[in-house]
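Enquirer: Okay, handing you the structure first.
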Amino acid sequence: MKLNGKNVRPIWLDEVVNVVKVIDQRRLPHEFVVADLKTVDDVIRAIKEMVVRGAPLIGVAAAYGVFLAAVNSLKNTFRDDYLIKECNRIKSARPTAVNLTWAVDKVLSEVLKTDNAIEAIDVARHHAETIAEAEAKNCRKIGEHGLPIIEEIIRDKKDKSINLLTHCNAGWLACIEYGTATAPIYAACEKGIDVHVWVDETRPLNQGARLTAWELGKYGVRHTVITDNAGGHLMQHGMVDMVIVGTDRTSRTGDVANKIGTYLKALAAWDNNIPFYVALPSSTFDWNIADGIMEIPIEERDPEEIRYVEGISTRGVIKRVLIPPEKSPAANFAFDVTPARFVTGLITERGVCKATEQDIKRLFPEKNK
Ligand code: MRU
């Protein structure tokens, strides 16, 4: 996406020195810092600590992790064993986004077909780059398929503007280009549609307030940051026309895991008859899972993320402050699962479908066993 006139992605490779460059998302919106990932350990740390985050980007970062493992395996006698071990370490960095395992397995399976270390590095780089390009293209397609939904909602409205609500950050920072949930928003803006986005702040790490608001602001999209609990009230008062979110893992039956709090938005949307759409590339489907609530692993993160909040003081100093009483325990469930019955539709790179196994497989017939 264009940032101050320059094309920027959240991740890229400096091929001269074999260093993966990432925008450090922990520092936004108040600081723009690029971090270097040189080893598998750097990649694992970046994923765990959410320097990089969001399902498609986690996948791409992990794919580059396999490339770095191949670079380092040059010095290793047992190349395949070493690579497989390193890949397993990468896969265990975070549990919920299925793109992580998907991308690692995809690159590793190609690398294991090679017969020397130099070829392995080339193949790993090629496939990591291919995944990054494919995700960018998928997001563009998601925008194209999501746009008619927005246009149809507007057709029925008197004021010809649309109020969308989104949760967390499923924008270009999370997805290479355009974003998943934000792609139809950008497509609508490009068509001259008057779009306004309610941005859930998304506690505890505030990806909405920090990242989505920053992205939309940079692109000139009208938006308002709201507390996570405001959405239901806005829906009851006709101030939301459509909810659109991303997902970290969606079962083949259409159950959607996304940032904690998404389920409550879906319930409120259901009660108020507001369409609730989920935008995702095919890499975020978990074809092995039928029951999202029982089977999708939900990450529990460090409670310190809830106890402390970071922001910038009026003097321009980044500060971390404690919210609850010093001794109060906290529990940090990072995702929840919205059952398919509350999802109006899934917007994928191949088109829009209902959140049912049958309709998902209409778009992805190759997944029919
Ligand atoms: O914990 P995060 O920030 O990696 O969570 C991922 C998300 O931003 C969302 O849940 C998002 O909506 C899906 S990823 C495009």
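Identifiers for the structure tokens are assigned positionally: chains receive A, B, ... in sequence, residues are indexed from 1 per chain, and ligands are indexed from 1 in the order shown.
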Quick check for you: according to DSSP on this backbone, which residues of segment 69-278 of chain A are classed as alpha helix (DSSP H)? Reply as a count of residues only.
Expert: 106
Enquirer: What does the list of residues within 6 Å of ligand 1 look like if you count only C-alpha atoms and all ligand atoms, written as number ranges by chain?
Expert: A: 53-55, 168-170, 174, 245-248, 258-259
Enquirer: So that I can check the surroundings of Asp24 of chain A, please list as a short mmCIF file (atom, residue, chain, number, x, y, z; two decimals) with N, CA, C and O atoms, in the first residue's frame every protein, DNA and RNA residue that reaches within 6 Å of it, counting only C-alpha atoms and ignoring chain neighbours fewer than 2 positions away.
Expert:
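Output file selection01.cif follows:
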```cif
data_model
loop_
_atom_site.label_atom_id
_atom_site.label_comp_id
_atom_site.auth_asym_id
_atom_site.auth_seq_id
_atom_site.Cartn_x
_atom_site.Cartn_y
_atom_site.Cartn_z
N ARG A 26 4.31 -3.63 16.87
CA ARG A 26 4.11 -3.24 18.28
C ARG A 26 4.33 -1.75 18.45
O ARG A 26 3.90 -1.16 19.43
N ARG A 27 5.06 -1.14 17.52
CA ARG A 27 5.46 0.26 17.69
C ARG A 27 4.47 1.24 17.04
O ARG A 27 4.52 2.43 17.33
N VAL A 33 8.97 1.58 12.77
CA VAL A 33 10.28 0.95 12.94
C VAL A 33 10.33 -0.32 12.10
O VAL A 33 9.38 -1.10 12.10
N VAL A 34 11.42 -0.50 11.37
CA VAL A 34 11.60 -1.74 10.59
C VAL A 34 12.58 -2.65 11.35
O VAL A 34 13.63 -2.19 11.80
N ALA A 35 12.17 -3.92 11.53
CA ALA A 35 13.02 -4.86 12.26
C ALA A 35 13.64 -5.86 11.29
O ALA A 35 13.04 -6.19 10.26
N VAL A 51 5.40 -8.83 16.69
CA VAL A 51 6.06 -7.84 15.83
C VAL A 51 5.35 -7.94 14.48
O VAL A 51 5.02 -6.94 13.84
#
```
Enquirer: For Lys361 of chain A, work out the shell of residues within 9 Å, counting only C-alpha atoms and skipping chain neighbours fewer than 6 positions away, then give it as a PyMOL selection string.
Expert: chain A and resi 252+367-368
Enquirer: Please list as a list in words every residue within 8 Å of Ser251 of chain A, counting only C-alpha atoms and excluding residues in the same chain fewer than 6 positions away.
Expert: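 Returned residues: Phe285, Asp286, Trp287, Asn288, Ile289, Ala290, Asp291 and Gly292 of chain A.
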Enquirer: Taking N, CA and C atoms for each residue, export the selection above as a short mmCIF file (atom, residue, chain, number, x, y, z; two decimals), in the first residue's frame.
Expert:
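So the final result, stored in result31.cif, reads:
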```cif
data_model
loop_
_atom_site.label_atom_id
_atom_site.label_comp_id
_atom_site.auth_asym_id
_atom_site.auth_seq_id
_atom_site.Cartn_x
_atom_site.Cartn_y
_atom_site.Cartn_z
N PHE A 285 -8.69 -21.30 5.61
CA PHE A 285 -9.62 -22.42 5.88
C PHE A 285 -8.84 -23.57 6.48
N ASP A 286 -9.40 -24.19 7.50
CA ASP A 286 -8.84 -25.44 8.00
C ASP A 286 -9.76 -26.56 7.53
N TRP A 287 -9.32 -27.25 6.48
CA TRP A 287 -10.18 -28.26 5.84
C TRP A 287 -10.33 -29.50 6.71
N ASN A 288 -9.48 -29.62 7.75
CA ASN A 288 -9.55 -30.81 8.62
C ASN A 288 -10.53 -30.63 9.77
N ILE A 289 -11.02 -29.43 9.95
CA ILE A 289 -11.87 -29.17 11.12
C ILE A 289 -13.32 -28.99 10.72
N ALA A 290 -14.20 -29.73 11.42
CA ALA A 290 -15.64 -29.61 11.15
C ALA A 290 -16.33 -28.80 12.25
N ASP A 291 -15.84 -28.90 13.48
CA ASP A 291 -16.48 -28.21 14.59
C ASP A 291 -15.51 -27.17 15.16
N GLY A 292 -15.71 -25.93 14.75
CA GLY A 292 -14.77 -24.88 15.12
C GLY A 292 -14.69 -24.65 16.62
#
```
Enquirer: From the options A:Asp200, A:Asp41, A:Asp194, A:Glu326, which residue's atoms come nearest to Arg222 of chain A, counting only C-alpha atoms?
Expert: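 Counting only C-alpha atoms, the residue closest to Arg222 of chain A is A:Asp194.
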Enquirer: For the structure I just gave you, how does DSSP split segment 213-362 of chain A - specifically, which residues are strand (DSSP E or B)? Reply as a short mmCIF file (atom, residue, chain, number, x, y, z; two decimals) with C-alpha atoms, in the first residue's frame.
Expert:
```cif
data_model
loop_
_atom_site.label_atom_id
_atom_site.label_comp_id
_atom_site.auth_asym_id
_atom_site.auth_seq_id
_atom_site.Cartn_x
_atom_site.Cartn_y
_atom_site.Cartn_z
CA ARG A 222 -13.51 8.16 7.38
CA HIS A 223 -13.42 6.19 10.60
CA THR A 224 -14.19 6.43 14.31
CA VAL A 225 -12.56 4.38 17.06
CA ILE A 226 -15.07 2.96 19.53
CA MET A 242 -22.69 -4.14 7.84
CA VAL A 243 -20.09 -5.88 10.00
CA ILE A 244 -16.98 -7.15 8.25
CA VAL A 245 -14.13 -8.96 10.00
CA ARG A 249 -8.93 -19.99 11.10
CA THR A 250 -12.27 -21.01 9.61
CA SER A 251 -13.54 -24.58 9.72
CA VAL A 256 -14.99 -18.58 12.30
CA ALA A 257 -12.17 -18.06 14.78
CA ASN A 258 -11.22 -14.42 15.07
CA LYS A 259 -9.95 -11.95 17.65
CA PHE A 276 -22.14 -10.09 9.33
CA TYR A 277 -19.47 -10.94 6.73
CA VAL A 278 -16.10 -12.62 7.15
CA ALA A 279 -13.35 -11.99 4.58
CA PHE A 285 -9.62 -22.42 5.88
CA ASP A 286 -8.84 -25.44 8.00
CA GLU A 300 -4.14 -17.84 25.75
CA ARG A 301 -1.56 -15.09 25.96
CA TYR A 308 -0.72 -3.10 31.26
CA VAL A 309 -1.69 -0.67 28.50
CA GLU A 310 0.81 1.15 26.34
CA GLY A 311 0.36 4.57 24.79
CA ILE A 312 2.00 7.92 24.21
CA ILE A 318 5.77 5.99 25.01
CA LYS A 319 4.55 4.67 28.38
CA ARG A 320 3.22 1.43 29.81
CA VAL A 321 0.75 1.81 32.64
CA LEU A 322 -0.88 -0.70 34.99
CA ASN A 332 -6.02 -13.40 28.30
CA PHE A 333 -8.06 -15.46 25.83
CA PHE A 335 -9.62 -15.52 20.08
CA ASP A 336 -13.19 -16.78 20.03
CA VAL A 337 -15.24 -18.79 17.58
CA THR A 338 -18.36 -17.45 15.89
CA GLY A 345 -21.39 -14.91 4.16
CA LEU A 346 -17.71 -15.59 3.56
CA ILE A 347 -15.87 -13.37 1.10
CA THR A 348 -12.98 -15.29 -0.47
CA GLY A 351 -16.20 -15.33 -4.59
CA VAL A 352 -18.80 -15.09 -1.84
CA CYS A 353 -20.41 -18.15 -0.26
#
```
Enquirer: Residues near Glu177 of chain A, anyone? I mean within 9 Å using only C-alpha atoms, not counting same-chain ones fewer than 5 positions away, as a PyMOL selection string.
Expert: chain A and resi 1+8-10+135-137+139-140+171-172+183
Enquirer: Just write the chosen residues, all heavy atoms, as a compact mmCIF listing (two decimals), in the first residue's frame.
Expert:
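Result file follows (result_1.txt):
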```
# COMPACT_ATOMS: atom_id res chain seq x y z
N MET A 1 0.85 -1.17 0.00
CA MET A 1 0.00 0.00 0.00
C MET A 1 0.89 1.24 0.00
O MET A 1 2.05 1.17 0.38
CB MET A 1 -0.91 0.02 1.25
CG MET A 1 -1.86 -1.16 1.35
SD MET A 1 -3.13 -1.25 0.07
CE MET A 1 -4.42 -0.17 0.66
N VAL A 8 4.61 0.19 0.22
CA VAL A 8 5.13 -0.49 1.41
C VAL A 8 4.34 -1.76 1.66
O VAL A 8 3.12 -1.79 1.47
CB VAL A 8 5.01 0.41 2.67
CG1 VAL A 8 5.70 -0.25 3.87
CG2 VAL A 8 5.59 1.77 2.44
N ARG A 9 5.05 -2.79 2.09
CA ARG A 9 4.42 -4.02 2.57
C ARG A 9 4.88 -4.26 4.00
O ARG A 9 5.94 -3.74 4.39
CB ARG A 9 4.81 -5.20 1.68
CG ARG A 9 4.05 -5.21 0.37
CD ARG A 9 4.35 -6.45 -0.42
NE ARG A 9 3.46 -6.53 -1.57
CZ ARG A 9 3.49 -7.51 -2.46
NH1 ARG A 9 4.35 -8.51 -2.33
NH2 ARG A 9 2.64 -7.53 -3.47
N PRO A 10 4.16 -5.09 4.75
CA PRO A 10 4.60 -5.32 6.14
C PRO A 10 5.81 -6.24 6.23
O PRO A 10 6.41 -6.37 7.29
CB PRO A 10 3.37 -5.97 6.79
CG PRO A 10 2.61 -6.57 5.67
CD PRO A 10 2.86 -5.71 4.47
N GLU A 135 -1.01 -14.03 -1.60
CA GLU A 135 -1.87 -13.43 -0.58
C GLU A 135 -2.26 -12.00 -0.97
O GLU A 135 -3.40 -11.58 -0.77
CB GLU A 135 -1.20 -13.46 0.80
CG GLU A 135 -1.03 -14.85 1.39
CD GLU A 135 -2.33 -15.62 1.66
OE1 GLU A 135 -3.28 -15.52 0.85
OE2 GLU A 135 -2.40 -16.35 2.66
N ALA A 136 -1.30 -11.27 -1.56
CA ALA A 136 -1.62 -9.91 -2.01
C ALA A 136 -2.72 -9.95 -3.07
O ALA A 136 -3.70 -9.18 -3.03
CB ALA A 136 -0.37 -9.24 -2.56
N LYS A 137 -2.58 -10.88 -4.00
CA LYS A 137 -3.57 -11.02 -5.07
C LYS A 137 -4.93 -11.45 -4.51
O LYS A 137 -5.98 -10.96 -4.92
CB LYS A 137 -3.05 -12.06 -6.08
CG LYS A 137 -3.51 -11.81 -7.49
CD LYS A 137 -2.71 -12.65 -8.47
CE LYS A 137 -3.71 -13.32 -9.40
NZ LYS A 137 -3.26 -14.59 -9.93
N CYS A 139 -6.15 -10.85 -1.63
CA CYS A 139 -6.82 -9.73 -0.96
C CYS A 139 -7.47 -8.79 -1.99
O CYS A 139 -8.59 -8.31 -1.78
CB CYS A 139 -5.83 -8.97 -0.08
SG CYS A 139 -5.40 -9.88 1.40
N ARG A 140 -6.77 -8.55 -3.09
CA ARG A 140 -7.35 -7.71 -4.14
C ARG A 140 -8.66 -8.33 -4.65
O ARG A 140 -9.66 -7.65 -4.82
CB ARG A 140 -6.32 -7.57 -5.27
CG ARG A 140 -6.79 -6.84 -6.49
CD ARG A 140 -7.26 -5.43 -6.24
NE ARG A 140 -6.28 -4.40 -6.50
CZ ARG A 140 -6.48 -3.10 -6.33
NH1 ARG A 140 -7.62 -2.65 -5.87
NH2 ARG A 140 -5.55 -2.22 -6.61
N GLY A 171 -6.29 -5.66 8.08
CA GLY A 171 -5.91 -4.72 7.02
C GLY A 171 -4.61 -5.15 6.36
O GLY A 171 -4.13 -6.27 6.59
N TRP A 172 -3.99 -4.25 5.58
CA TRP A 172 -2.78 -4.65 4.83
C TRP A 172 -1.63 -5.02 5.74
O TRP A 172 -0.78 -5.84 5.39
CB TRP A 172 -2.37 -3.60 3.80
CG TRP A 172 -1.90 -2.27 4.32
CD1 TRP A 172 -2.65 -1.15 4.50
CD2 TRP A 172 -0.56 -1.92 4.72
NE1 TRP A 172 -1.88 -0.12 4.99
CE2 TRP A 172 -0.59 -0.57 5.12
CE3 TRP A 172 0.66 -2.59 4.76
CZ2 TRP A 172 0.54 0.12 5.58
CZ3 TRP A 172 1.79 -1.92 5.22
CH2 TRP A 172 1.72 -0.57 5.63
N ALA A 183 -10.26 -4.89 2.40
CA ALA A 183 -10.18 -4.83 0.93
C ALA A 183 -11.48 -4.31 0.29
O ALA A 183 -11.43 -3.43 -0.58
CB ALA A 183 -9.80 -6.20 0.36
```
Enquirer: As an exercise, work out the distance from atom CA of Lys157 of chain A to atom CA of Tyr263 of chain A in Å and give it to one decimal place.
Expert: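 If I compute the distance from atom CA of Lys157 of chain A to atom CA of Tyr263 of chain A, I get 26.8 Å.
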Enquirer: For Ala62 of chain A, which residue out of A:Leu112, A:Ile260, A:Ile131, A:Ile121 is the nearest one, using only C-alpha atoms?
Expert: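 Under the stated criterion, the closest residue is A:Ile131.
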Enquirer: Can you tell me which residues surround Val104 of chain A at a distance of at most 7 Å, considering only C-alpha atoms, apart from same-chain residues fewer than 4 positions away, and format the answer as a compact mmCIF listing (two decimals) with N, CA, C and O atoms, in the first residue's frame?
Expert:
```
# COMPACT_ATOMS: atom_id res chain seq x y z
N ALA A 62 6.31 -16.98 8.40
CA ALA A 62 6.73 -18.35 8.67
C ALA A 62 7.38 -18.96 7.43
O ALA A 62 8.38 -19.68 7.53
N ALA A 63 6.84 -18.63 6.26
CA ALA A 63 7.44 -19.13 5.01
C ALA A 63 8.86 -18.60 4.86
O ALA A 63 9.78 -19.33 4.48
N VAL A 66 11.23 -20.55 6.94
CA VAL A 66 11.75 -21.78 6.33
C VAL A 66 12.95 -21.42 5.45
O VAL A 66 13.97 -22.12 5.42
N CYS A 87 11.33 -26.30 11.20
CA CYS A 87 9.96 -26.01 10.76
C CYS A 87 8.97 -26.31 11.87
O CYS A 87 8.00 -25.57 12.07
N LEU A 100 -0.10 -20.37 9.53
CA LEU A 100 1.26 -20.64 9.97
C LEU A 100 1.70 -22.04 9.52
O LEU A 100 2.69 -22.20 8.81
N LEU A 108 8.20 -26.20 3.02
CA LEU A 108 9.05 -27.33 3.39
C LEU A 108 8.92 -28.48 2.40
O LEU A 108 9.93 -29.08 2.00
```
Enquirer: Taking into account only C-alpha atoms, which residue in the set A:Glu215, A:Glu366, A:Glu349, A:Asp105 is nearest to Lys91 of chain A?
Expert: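 For Lys91 of chain A, the nearest of the given residues is A:Asp105.
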Enquirer: Could you state the separation of atom CA of Val199 of chain A and atom CA of Ala213 of chain A in Å, given to one decimal place?
Expert: 6.8 Å
Enquirer: Could you please determine the separation between atom CA of Ser283 of chain A and atom CA of Arg89 of chain A in Å, to one decimal place?
Expert: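 Interatomic distance here is 20.1 Å.
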Enquirer: Just checking: using only C-alpha atoms, which residue out of A:Cys175, A:Glu144, A:Ile150, A:Phe364 ends up closest to His196 of chain A?
Expert: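 Looking only at the distances to His196 of chain A, the closest residue turns out to be A:Ile150.
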